[in-house]
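Enquirer: Have a peek at protein07.tsv (TSV, C-alpha atoms).
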```
chain	number	residue	atom	x	y	z
A	1	MET	CA	34.62	153.92	70.90
A	2	THR	CA	31.39	154.16	72.91
A	3	LYS	CA	29.61	152.40	70.07
A	4	PHE	CA	32.03	149.59	70.21
A	5	LEU	CA	31.63	149.30	73.98
A	6	ILE	CA	27.83	149.26	73.71
A	7	ILE	CA	27.98	146.52	71.08
A	8	LEU	CA	30.40	144.52	73.27
A	9	LEU	CA	28.15	144.84	76.32
A	10	ALA	CA	25.07	143.91	74.24
A	11	LEU	CA	26.88	140.82	72.93
A	12	TYR	CA	27.91	139.87	76.45
A	13	PHE	CA	24.38	140.17	77.80
A	14	LEU	CA	23.04	138.13	74.92
A	15	TYR	CA	25.59	135.43	75.61
A	16	TYR	CA	24.76	135.51	79.30
A	17	ILE	CA	20.99	135.26	78.69
A	18	GLY	CA	21.58	132.47	76.21
A	19	ASN	CA	23.54	130.54	78.82
A	20	ILE	CA	20.73	130.93	81.39
A	21	VAL	CA	18.09	129.78	78.93
A	22	TYR	CA	20.27	126.80	77.99
A	23	ASP	CA	20.77	125.79	81.64
A	24	LEU	CA	17.06	126.14	82.49
A	25	PHE	CA	15.38	124.54	79.49
A	26	VAL	CA	17.69	122.82	77.05
A	27	LYS	CA	20.26	121.04	79.26
A	28	LYS	CA	19.27	117.48	80.22
A	29	GLU	CA	19.26	116.63	83.87
A	30	SER	CA	22.22	114.49	84.90
A	31	THR	CA	21.23	111.09	86.21
A	32	LEU	CA	22.42	110.22	89.69
A	33	VAL	CA	24.34	106.94	89.76
A	34	THR	CA	23.51	105.08	92.91
A	35	GLU	CA	26.28	102.85	94.18
A	36	GLU	CA	25.33	99.26	94.49
A	37	ILE	CA	26.37	97.87	97.85
A	38	ASP	CA	27.26	94.20	98.02
A	39	VAL	CA	26.99	92.50	101.31
A	40	PHE	CA	29.00	89.32	101.71
A	41	SER	CA	28.47	86.89	104.45
A	42	LEU	CA	31.25	84.63	105.72
A	43	VAL	CA	28.94	82.51	107.75
A	44	GLU	CA	28.55	79.89	105.08
A	45	PHE	CA	32.28	79.82	104.37
A	46	GLU	CA	33.02	79.46	108.06
A	47	GLU	CA	30.64	76.60	108.45
A	48	GLN	CA	32.02	74.81	105.42
A	49	ASN	CA	35.70	75.04	106.53
A	50	ARG	CA	35.27	74.71	110.25
A	51	ASP	CA	37.02	71.31	110.41
A	52	ALA	CA	39.84	72.20	108.03
A	53	ILE	CA	40.91	75.18	110.12
A	54	THR	CA	41.33	73.18	113.30
A	55	THR	CA	43.78	70.82	111.68
A	56	VAL	CA	46.63	72.92	110.29
A	57	GLY	CA	49.70	70.75	109.71
A	58	ILE	CA	53.29	71.76	108.92
A	59	GLU	CA	52.81	70.69	105.32
A	60	ASP	CA	49.84	73.02	104.95
A	61	VAL	CA	52.04	75.87	106.08
A	62	GLU	CA	54.98	74.93	103.87
A	63	ASN	CA	52.83	74.52	100.80
A	64	LEU	CA	51.04	77.76	101.40
A	65	ASN	CA	50.83	79.93	98.32
A	66	THR	CA	52.37	83.24	99.30
A	67	PRO	CA	53.24	86.35	97.28
A	68	LYS	CA	56.80	86.65	96.00
A	69	SER	CA	57.65	89.37	98.48
A	70	PHE	CA	57.19	86.82	101.25
A	71	ASN	CA	60.07	84.72	99.95
A	72	LYS	CA	62.76	87.07	101.25
A	73	LYS	CA	65.62	85.16	102.86
A	74	GLU	CA	66.11	86.54	106.31
A	75	PHE	CA	68.70	84.02	107.34
A	76	PRO	CA	70.96	83.23	104.37
A	77	VAL	CA	72.08	79.65	104.51
A	78	ASP	CA	75.51	78.83	103.18
A	79	THR	CA	74.86	75.91	100.99
A	80	GLU	CA	78.43	75.63	99.71
A	81	ILE	CA	79.69	73.79	102.76
A	82	LEU	CA	76.99	71.27	102.43
A	83	GLU	CA	77.77	70.77	98.79
A	84	GLU	CA	81.48	70.34	99.46
A	85	ARG	CA	80.81	67.92	102.22
A	86	GLU	CA	78.72	65.94	99.90
A	87	ASP	CA	81.39	65.90	97.23
A	88	ILE	CA	83.61	63.46	99.09
A	89	GLU	CA	85.22	62.30	95.89
A	90	VAL	CA	87.10	65.60	95.54
A	91	TRP	CA	88.38	65.31	99.07
A	92	ARG	CA	89.52	61.78	98.50
A	93	GLN	CA	91.43	62.77	95.37
A	94	ARG	CA	93.07	65.63	97.13
A	95	PHE	CA	94.12	63.47	100.05
A	96	GLU	CA	95.51	60.83	97.71
A	97	SER	CA	97.53	63.34	95.69
A	98	GLU	CA	99.00	64.79	98.88
A	99	GLN	CA	99.92	61.33	100.04
A	100	ASN	CA	101.56	60.71	96.71
A	101	ILE	CA	103.71	63.80	97.08
A	102	ASP	CA	104.76	62.75	100.58
A	103	SER	CA	105.61	59.24	99.54
A	104	PHE	CA	107.50	60.55	96.48
A	105	ASP	CA	109.95	62.53	98.69
A	106	SER	CA	110.59	59.77	101.14
A	107	GLY	CA	110.93	57.32	98.24
A	108	THR	CA	113.75	59.26	96.60
A	109	LEU	CA	115.58	59.64	99.87
A	110	GLU	CA	115.28	55.94	100.56
A	111	SER	CA	116.53	55.07	97.12
A	112	VAL	CA	119.54	57.33	97.69
A	113	GLY	CA	120.34	55.41	100.82
A	114	ASP	CA	119.79	52.06	99.22
A	115	ASP	CA	121.60	52.48	95.94
A	116	ASN	CA	124.50	54.62	97.17
A	117	ASN	CA	124.34	56.38	93.85
A	118	LEU	CA	127.12	59.00	93.98
A	119	ASP	CA	125.36	61.63	91.89
A	120	GLU	CA	122.28	61.45	93.95
A	121	VAL	CA	124.24	61.64	97.17
A	122	ILE	CA	126.04	64.72	95.90
A	123	GLY	CA	122.71	66.16	94.80
A	124	ALA	CA	121.27	65.60	98.26
A	125	GLU	CA	124.34	67.14	99.89
A	126	THR	CA	124.22	70.25	97.74
A	127	ASN	CA	120.55	70.45	98.52
A	128	GLU	CA	121.39	70.37	102.20
A	129	ALA	CA	124.10	72.97	101.69
A	130	ASP	CA	121.63	75.15	99.84
A	131	LEU	CA	119.20	74.82	102.70
A	132	ARG	CA	121.94	75.70	105.18
A	133	ASP	CA	122.96	78.72	103.08
A	134	GLU	CA	119.37	79.79	102.89
A	135	ALA	CA	118.99	79.53	106.66
A	136	GLU	CA	122.23	81.47	107.13
A	137	SER	CA	121.24	84.23	104.74
A	138	GLU	CA	117.88	84.45	106.46
A	139	ALA	CA	119.60	84.77	109.83
A	140	ASN	CA	121.94	87.39	108.35
A	141	GLN	CA	119.02	89.32	106.99
A	142	ASN	CA	117.31	89.25	110.35
A	143	LEU	CA	120.50	90.44	112.01
A	144	ARG	CA	120.86	93.20	109.44
A	145	LYS	CA	117.32	94.33	110.07
A	146	ILE	CA	117.91	94.38	113.82
A	147	ASN	CA	121.13	96.34	113.26
A	148	LYS	CA	119.35	98.82	111.04
A	149	ASP	CA	116.59	99.30	113.60
A	150	ARG	CA	119.20	99.81	116.30
A	151	TRP	CA	121.04	102.27	114.08
A	152	PHE	CA	117.96	104.42	113.62
A	153	GLN	CA	117.15	104.16	117.31
A	154	MET	CA	120.65	105.43	118.09
A	155	LEU	CA	120.26	108.27	115.59
A	156	ASN	CA	117.02	109.24	117.27
A	157	ASP	CA	118.62	109.10	120.70
A	158	ALA	CA	121.56	111.17	119.47
A	159	GLU	CA	119.12	113.74	118.14
A	160	THR	CA	116.95	113.95	121.22
A	161	THR	CA	119.83	114.26	123.66
A	162	VAL	CA	121.11	117.49	122.11
A	163	GLN	CA	119.80	120.44	124.07
A	164	MET	CA	119.86	124.17	123.49
A	165	ILE	CA	121.65	125.94	126.35
A	166	SER	CA	121.61	129.53	125.16
A	167	ASN	CA	120.05	131.69	122.51
A	168	THR	CA	121.65	135.03	121.60
A	169	ASN	CA	119.37	136.82	119.17
A	170	GLY	CA	118.57	133.54	117.44
A	171	HIS	CA	122.17	132.33	117.45
A	172	LYS	CA	121.80	129.15	119.44
A	173	VAL	CA	124.34	127.23	121.43
A	174	TYR	CA	123.68	123.54	121.87
A	175	GLN	CA	124.95	120.97	124.29
A	176	ALA	CA	125.68	117.34	123.50
A	177	ALA	CA	124.92	114.55	125.92
A	178	GLY	CA	128.58	113.70	126.41
A	179	PHE	CA	128.53	109.99	125.65
B	4	MET	CA	145.70	105.21	108.26
B	5	ILE	CA	142.05	106.00	107.77
B	6	ILE	CA	140.88	109.59	107.58
B	7	THR	CA	137.15	110.06	107.16
B	8	PHE	CA	135.34	113.24	106.25
B	9	ALA	CA	131.93	112.94	107.83
B	10	THR	CA	129.13	114.77	109.50
B	11	GLN	CA	125.43	114.36	109.76
B	12	LYS	CA	124.67	117.53	107.89
B	13	GLY	CA	124.83	117.85	104.13
B	14	GLY	CA	126.26	120.93	102.44
B	15	THR	CA	128.90	121.76	105.02
B	16	GLY	CA	131.70	121.22	102.52
B	17	LYS	CA	132.74	117.63	103.24
B	18	THR	CA	133.51	116.76	99.65
B	19	THR	CA	135.17	120.10	98.88
B	20	LEU	CA	137.39	119.76	101.93
B	21	ALA	CA	138.08	116.10	101.17
B	22	ILE	CA	139.20	116.94	97.62
B	23	THR	CA	141.28	119.86	98.83
B	24	PHE	CA	142.86	117.79	101.60
B	25	ALA	CA	143.62	114.90	99.23
B	26	ASN	CA	145.26	117.32	96.79
B	27	TYR	CA	147.10	119.14	99.54
B	28	ILE	CA	148.45	116.06	101.25
B	29	SER	CA	149.53	114.49	97.97
B	30	THR	CA	151.79	117.47	97.37
B	31	ILE	CA	153.46	117.37	100.76
B	32	SER	CA	153.46	113.65	101.65
B	33	LYS	CA	155.23	110.76	100.02
B	34	ARG	CA	152.63	108.31	101.21
B	35	LYS	CA	150.25	106.76	98.76
B	36	ILE	CA	146.78	108.19	98.93
B	37	ASN	CA	143.68	106.17	98.19
B	38	VAL	CA	140.37	107.91	98.13
B	39	PHE	CA	137.12	106.03	98.68
B	40	ASP	CA	133.93	107.79	97.74
B	41	PHE	CA	131.35	106.40	100.11
B	42	ASP	CA	128.72	108.99	99.25
B	43	TYR	CA	125.77	107.68	97.27
B	44	GLN	CA	125.91	110.85	95.20
B	45	LYS	CA	129.46	109.93	94.10
B	46	SER	CA	130.43	113.60	93.81
B	47	PHE	CA	134.13	113.02	94.48
B	48	TYR	CA	134.35	110.13	92.04
B	49	GLN	CA	132.43	111.96	89.35
B	50	LYS	CA	134.67	115.00	89.71
B	51	TRP	CA	137.73	112.78	89.51
B	52	LYS	CA	136.41	111.11	86.37
B	53	GLU	CA	135.54	114.49	84.88
B	54	ASP	CA	139.06	115.72	85.52
B	55	GLU	CA	140.49	112.94	83.37
B	56	LEU	CA	139.94	115.35	80.49
B	57	LEU	CA	142.46	117.77	81.97
B	58	ASP	CA	146.06	117.56	80.82
B	59	LEU	CA	147.28	117.00	84.32
B	60	PRO	CA	148.59	113.82	85.93
B	61	LYS	CA	146.34	112.23	88.50
B	62	LEU	CA	147.43	112.56	92.09
B	63	TYR	CA	145.55	109.59	93.48
B	64	ASP	CA	142.98	106.95	92.64
B	65	VAL	CA	139.37	107.22	93.67
B	66	GLU	CA	137.29	104.14	94.27
B	67	ILE	CA	133.59	104.01	94.82
B	68	ILE	CA	131.93	101.75	97.31
B	69	GLY	CA	128.81	100.45	95.66
B	70	ASP	CA	125.35	100.96	97.02
B	71	GLU	CA	124.63	97.26	96.73
B	72	VAL	CA	127.30	96.42	99.31
B	73	GLU	CA	125.37	96.21	102.55
B	74	GLN	CA	128.21	96.08	105.04
B	75	PRO	CA	131.49	96.71	103.19
B	76	PHE	CA	133.78	96.14	106.18
B	77	SER	CA	131.91	93.43	107.98
B	78	ASP	CA	134.92	91.09	107.84
B	79	TYR	CA	137.05	93.66	109.78
B	80	GLU	CA	140.24	92.42	108.09
B	81	THR	CA	139.91	94.91	105.24
B	82	ILE	CA	139.34	97.84	107.52
B	83	LEU	CA	142.07	96.81	109.97
B	84	ASP	CA	144.46	96.41	107.03
B	85	LEU	CA	143.64	99.92	105.86
B	86	LYS	CA	144.09	101.20	109.41
B	87	ASP	CA	147.50	99.59	109.91
B	88	ASN	CA	148.69	100.46	106.41
B	89	ASP	CA	151.09	103.35	105.89
B	90	ASP	CA	149.02	104.51	102.94
B	91	ILE	CA	146.48	107.20	103.61
B	92	SER	CA	142.93	106.02	103.02
B	93	LEU	CA	140.62	108.94	102.73
B	94	PHE	CA	136.87	108.40	102.92
B	95	ASP	CA	134.21	110.86	101.89
B	96	LEU	CA	130.84	110.08	103.42
B	97	ALA	CA	127.34	111.26	102.59
B	98	GLY	CA	125.43	113.80	104.63
B	99	THR	CA	122.95	111.14	105.66
B	100	LEU	CA	124.23	108.59	108.12
B	101	ASP	CA	123.65	105.10	106.86
B	102	ALA	CA	124.04	101.88	108.82
B	103	LYS	CA	126.78	100.75	106.45
B	104	TYR	CA	129.03	103.53	107.74
B	105	SER	CA	129.08	102.05	111.23
B	106	ASP	CA	132.36	100.09	110.96
B	107	LEU	CA	134.12	102.96	109.27
B	108	LEU	CA	132.97	105.48	111.89
B	109	ILE	CA	134.15	103.16	114.65
B	110	TYR	CA	137.54	102.18	113.22
B	111	SER	CA	138.68	105.36	111.46
B	112	ASP	CA	141.82	106.96	112.88
B	113	PHE	CA	140.44	110.45	112.34
B	114	ILE	CA	137.04	111.79	111.61
B	115	ILE	CA	137.19	115.27	110.15
B	116	ILE	CA	133.97	117.09	110.89
B	117	PRO	CA	133.38	120.30	108.94
B	118	PHE	CA	130.79	122.54	110.55
B	119	GLU	CA	129.24	125.97	110.41
B	120	TYR	CA	127.75	128.11	113.15
B	121	SER	CA	124.24	128.16	111.73
B	122	ASP	CA	121.62	126.73	114.10
B	123	VAL	CA	121.00	123.68	111.96
B	124	SER	CA	124.64	122.91	111.38
B	125	ALA	CA	125.60	123.49	115.01
B	126	LYS	CA	122.90	121.15	116.22
B	127	SER	CA	123.68	118.50	113.61
B	128	THR	CA	127.33	118.56	114.56
B	129	LEU	CA	126.49	117.81	118.17
B	130	VAL	CA	124.01	115.14	117.12
B	131	PHE	CA	126.84	113.57	115.15
B	132	VAL	CA	129.16	113.85	118.14
B	133	ASN	CA	126.54	112.17	120.30
B	134	PHE	CA	126.14	109.48	117.73
B	135	LEU	CA	129.87	108.79	117.55
B	136	GLY	CA	129.85	108.48	121.32
B	137	MET	CA	127.01	106.00	121.20
B	138	LEU	CA	128.85	103.99	118.55
B	139	GLU	CA	131.88	104.01	120.87
B	140	SER	CA	133.94	105.24	117.97
B	141	GLN	CA	137.69	105.02	118.52
B	142	ALA	CA	138.37	107.80	116.04
B	143	GLU	CA	139.89	111.13	116.98
B	144	ARG	CA	137.37	113.83	116.19
B	145	VAL	CA	138.73	116.90	114.46
B	146	PHE	CA	136.38	119.83	113.96
B	147	ILE	CA	137.02	122.32	111.22
B	148	ARG	CA	135.10	125.53	110.67
B	149	SER	CA	133.92	125.48	107.11
B	150	LYS	CA	132.65	128.29	104.87
B	151	TYR	CA	133.64	130.73	107.59
B	152	ASP	CA	132.77	134.32	106.81
B	153	LYS	CA	135.38	136.83	107.95
B	154	GLY	CA	133.04	139.77	108.03
B	155	TYR	CA	130.38	138.11	110.08
B	156	LYS	CA	130.00	138.10	113.83
B	157	TYR	CA	128.89	134.65	114.94
B	158	LEU	CA	127.16	135.29	118.24
B	159	ASN	CA	127.09	131.64	119.22
B	160	GLN	CA	130.70	130.94	118.28
B	161	GLU	CA	132.12	131.18	121.78
B	162	GLY	CA	129.53	128.85	123.28
B	163	MET	CA	129.68	126.35	120.47
B	164	ASP	CA	133.49	126.31	120.45
B	165	ALA	CA	133.55	125.58	124.16
B	166	GLU	CA	131.07	122.74	123.70
B	167	ILE	CA	132.78	121.25	120.67
B	168	GLN	CA	136.20	121.28	122.31
B	169	LYS	CA	134.90	118.84	124.91
B	170	TYR	CA	134.60	116.18	122.25
B	171	GLY	CA	137.67	116.59	120.09
B	172	THR	CA	140.17	118.94	118.55
B	173	LEU	CA	138.88	122.18	117.13
B	174	LEU	CA	141.23	123.61	114.52
B	175	LYS	CA	141.99	127.24	115.26
B	176	SER	CA	142.18	128.29	111.64
B	177	PRO	CA	138.89	128.17	109.79
B	178	VAL	CA	138.48	127.48	106.10
B	179	PHE	CA	137.11	130.77	104.85
B	180	LYS	CA	134.39	131.15	102.34
B	181	ARG	CA	136.23	131.81	99.09
B	182	ASN	CA	135.38	131.82	95.43
B	183	CYS	CA	138.49	129.91	94.49
B	184	LEU	CA	137.29	126.87	96.42
B	185	GLN	CA	134.22	126.70	94.20
B	186	THR	CA	136.33	125.71	91.21
B	187	ILE	CA	138.34	122.96	92.82
B	188	ASN	CA	139.51	119.95	90.80
B	189	THR	CA	141.11	116.67	91.78
B	190	ARG	CA	144.37	117.20	89.88
B	191	GLN	CA	145.95	120.25	91.44
B	192	LEU	CA	145.64	123.12	93.89
B	193	ASN	CA	146.43	126.52	92.51
B	194	TYR	CA	148.20	129.07	94.63
B	195	GLU	CA	145.02	130.77	95.77
B	196	GLN	CA	143.37	127.52	96.76
B	197	LYS	CA	146.44	126.36	98.60
B	198	TYR	CA	146.56	129.62	100.45
B	199	ALA	CA	142.90	129.26	101.38
B	200	VAL	CA	143.40	125.96	103.18
B	201	ARG	CA	147.06	126.06	104.15
B	202	ASN	CA	146.70	127.13	107.75
B	203	SER	CA	143.85	124.78	108.57
B	204	PHE	CA	145.41	121.77	106.88
B	205	ASN	CA	148.85	122.35	108.37
B	206	GLU	CA	147.19	122.42	111.74
B	207	LEU	CA	145.28	119.26	110.88
B	208	ILE	CA	148.43	117.47	109.74
B	209	THR	CA	150.23	118.49	112.92
B	210	CYS	CA	147.32	117.13	114.90
B	211	ILE	CA	147.46	113.83	113.00
B	212	ASN	CA	151.22	113.56	113.44
B	213	GLU	CA	151.00	114.27	117.15
B	214	THR	CA	148.14	111.88	117.78
B	215	LEU	CA	149.64	108.94	115.91
B	216	ASP	CA	153.22	109.88	116.71
B	217	THR	CA	154.15	109.67	113.06
B	218	ASN	CA	155.07	111.89	110.17
B	219	ILE	CA	152.90	111.96	107.13
```
Could the structure of this file be written out as structure tokens, please?

Expert:
Amino acid sequence: MTKFLIILLALYFLYYIGNIVYDLFVKKESTLVTEEIDVFSLVEFEEQNRDAITTVGIEDVENLNTPKSFNKKEFPVDTEILEEREDIEVWRQRFESEQNIDSFDSGTLESVGDDNNLDEVIGAETNEADLRDEAESEANQNLRKINKDRWFQMLNDAETTVQMISNTNGHKVYQAAGF
Amino acid sequence: MIITFATQKGGTGKTTLAITFANYISTISKRKINVFDFDYQKSFYQKWKEDELLDLPKLYDVEIIGDEVEQPFSDYETILDLKDNDDISLFDLAGTLDAKYSDLLIYSDFIIIPFEYSDVSAKSTLVFVNFLGMLESQAERVFIRSKYDKGYKYLNQEGMDAEIQKYGTLLKSPVFKRNCLQTINTRQLNYEQKYAVRNSFNELITCINETLDTNI
């Protein structure tokens, strides 16, 4: 065991001495890289563009080349309205078709009056009756809804006006409002 | 004549009492009896239909009033006809008060209100009484103790009786809780069932006769 340790130590020292010798004599010295410093002067540039800077127009600004990140829209403009306003043809067509519908109704009614066609008169009358029925059923429905609301209101009132007047071991006696 | 079994509380025995009363009165009265099941559950009607299988003649007809009919008596003529008619029209209502009951509750001759002395039932009965008052119902209110337990001491009975008597007639004889009433049908009353309701219903019939000055 001691032999082994002595050999190990001897090997270590040899390695250590070898390293020192390598560092002192064999290893090449590293060359220091000196940074080259560039000095730029803006004096020439300034003198060349002195006139151009004084006259900055709106077009110069608008045509300025900017990075993409500068193109963010801070105030979104709704272009749809403008487009619709421009498309006047669509509006005209719409208006005309509406006018057609209006004139169609009044036309049929006029023709009924003019021709005295019995079928059409009957048709118009039943139409009127239908409208009347519709109005009546609507009124009835409204009335029914009001009645239903009133009914529930009364139920609530009936409930809230009942009061407990005595309690014998949990056996309660109530009192009605006496309507 | 219109007799309506109604109260705001479900499970107090409205339908059982209505069936029993219809059976009972059909055995003692010569008047024609028409039953209208106005309950959305249609318990009376279903029982009556079920009993068609029995080999017993039917005592009366049962009609149902459909759910789709919003206001069945809105023309008043039908209900006034039923009221003035000598026939007995018996209505069984649901435990939930619906707006379509309004005309019936107003124009019935009698409203039979079964009740119990439990807190919930006692309160509901008075709510119903209040409600009838608000509707300005013309009906005579008759209160009947239902599912009454002989062996039980109802501590609030005295107070509740005194309160209830302010608003109508309280029948002295209660309808006791009995097994035989669980197996009721619409075709007949057996001896036991008759015995169970005899006192209360005789009292009720006397009350009806006295109020309307008639003999049913």

Enquirer: Can you check which residues of chain A have any atom within 7 Å of chain B? Use all atoms listed in the file and format it as a PyMOL selection string.

Expert: chain A and resi 148+151+154-155+158-159+162+168+171-179

Enquirer: Would you list the residues near (142.3, 112.6, 116.2) (no more than 8 Å away, in the coordinates of the file, using all atoms listed in the file) as a tab-separated table (two decimals) with C-alpha atoms, in the frame of the given file?

Expert:
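To be explicit, this is the file written out as result-v2.tsv:
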```tsv
chain	number	residue	atom	x	y	z
B	112	ASP	CA	141.82	106.96	112.88
B	113	PHE	CA	140.44	110.45	112.34
B	114	ILE	CA	137.04	111.79	111.61
B	142	ALA	CA	138.37	107.80	116.04
B	143	GLU	CA	139.89	111.13	116.98
B	144	ARG	CA	137.37	113.83	116.19
B	145	VAL	CA	138.73	116.90	114.46
B	171	GLY	CA	137.67	116.59	120.09
B	172	THR	CA	140.17	118.94	118.55
B	210	CYS	CA	147.32	117.13	114.90
B	211	ILE	CA	147.46	113.83	113.00
B	214	THR	CA	148.14	111.88	117.78
```

Enquirer: Env of Ala97 of chain B: 12 Å cut, atoms = only C-alpha atoms, seq-sep filter 3 positions within chain, self excluded. Answer as an NGL selection string.

Expert: :B and (7-18 or 21 or 39-47 or 68 or 70 or 94 or 100-104)

Enquirer: Considering all atoms listed in the file, return as a list in words whatever protein or nucleic-acid residues lie within 12 Å of Thr81 of chain B, sequence-local ones (same chain, fewer than 3 positions apart) excluded.

Expert: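 The filter keeps Ile5, Gln74, Pro75, Phe76, Ser77, Asp78, Asp84, Leu85, Lys86, Asp87, Asn88, Ser92, Asp106, Leu107 and Tyr110 of chain B.
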
Enquirer: Write the residues of the selection above to a file with C-alpha atoms, as a PDB file, in the frame of the given file.

Expert:
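The file below, again-v8.pdb, is the result:
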```
ATOM      1  CA  ILE B   5     142.050 106.000 107.770  1.00  0.00           C
ATOM      2  CA  GLN B  74     128.210  96.080 105.040  1.00  0.00           C
ATOM      3  CA  PRO B  75     131.490  96.710 103.190  1.00  0.00           C
ATOM      4  CA  PHE B  76     133.780  96.140 106.180  1.00  0.00           C
ATOM      5  CA  SER B  77     131.910  93.430 107.980  1.00  0.00           C
ATOM      6  CA  ASP B  78     134.920  91.090 107.840  1.00  0.00           C
ATOM      7  CA  ASP B  84     144.460  96.410 107.030  1.00  0.00           C
ATOM      8  CA  LEU B  85     143.640  99.920 105.860  1.00  0.00           C
ATOM      9  CA  LYS B  86     144.090 101.200 109.410  1.00  0.00           C
ATOM     10  CA  ASP B  87     147.500  99.590 109.910  1.00  0.00           C
ATOM     11  CA  ASN B  88     148.690 100.460 106.410  1.00  0.00           C
ATOM     12  CA  SER B  92     142.930 106.020 103.020  1.00  0.00           C
ATOM     13  CA  ASP B 106     132.360 100.090 110.960  1.00  0.00           C
ATOM     14  CA  LEU B 107     134.120 102.960 109.270  1.00  0.00           C
ATOM     15  CA  TYR B 110     137.540 102.180 113.220  1.00  0.00           C
TER      16      TYR B 110
END
```

Enquirer: Do you have the atom CA of Ile91 of chain B-atom CA of Phe204 of chain B distance handy?

Expert: 15.0 Å

Enquirer: So how far away is atom CA of Glu195 of chain B from atom CA of Arg34 of chain B, in Å?

Expert: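 So the answer is 24.3 Å.
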
Enquirer: Using only C-alpha atoms, which residue out of B:Lys153, B:Tyr27, B:Ile22, B:Glu53 lies closest to Ile208 of chain B?

Expert: B:Tyr27

Enquirer: To one decimal place in Å, what is the distance between atom CA of Ser176 of chain B and atom CA of Glu206 of chain B?

Expert: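 Atom CA of Glu206 of chain B lies at a distance of 7.7 Å from atom CA of Ser176 of chain B.
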
Enquirer: Here is a test: counting only C-alpha atoms, which residue of B:Lys197, B:Lys180, B:Lys50, B:Arg148 is nearest to Thr30 of chain B?

Expert: B:Lys197

Enquirer: Using all atoms listed in the file, which residues sit within 12 Å of Leu56 of chain B once same-chain residues fewer than 4 positions away are excluded, as a PyMOL selection string?

Expert: chain B and resi 50-52+60-61+188-190
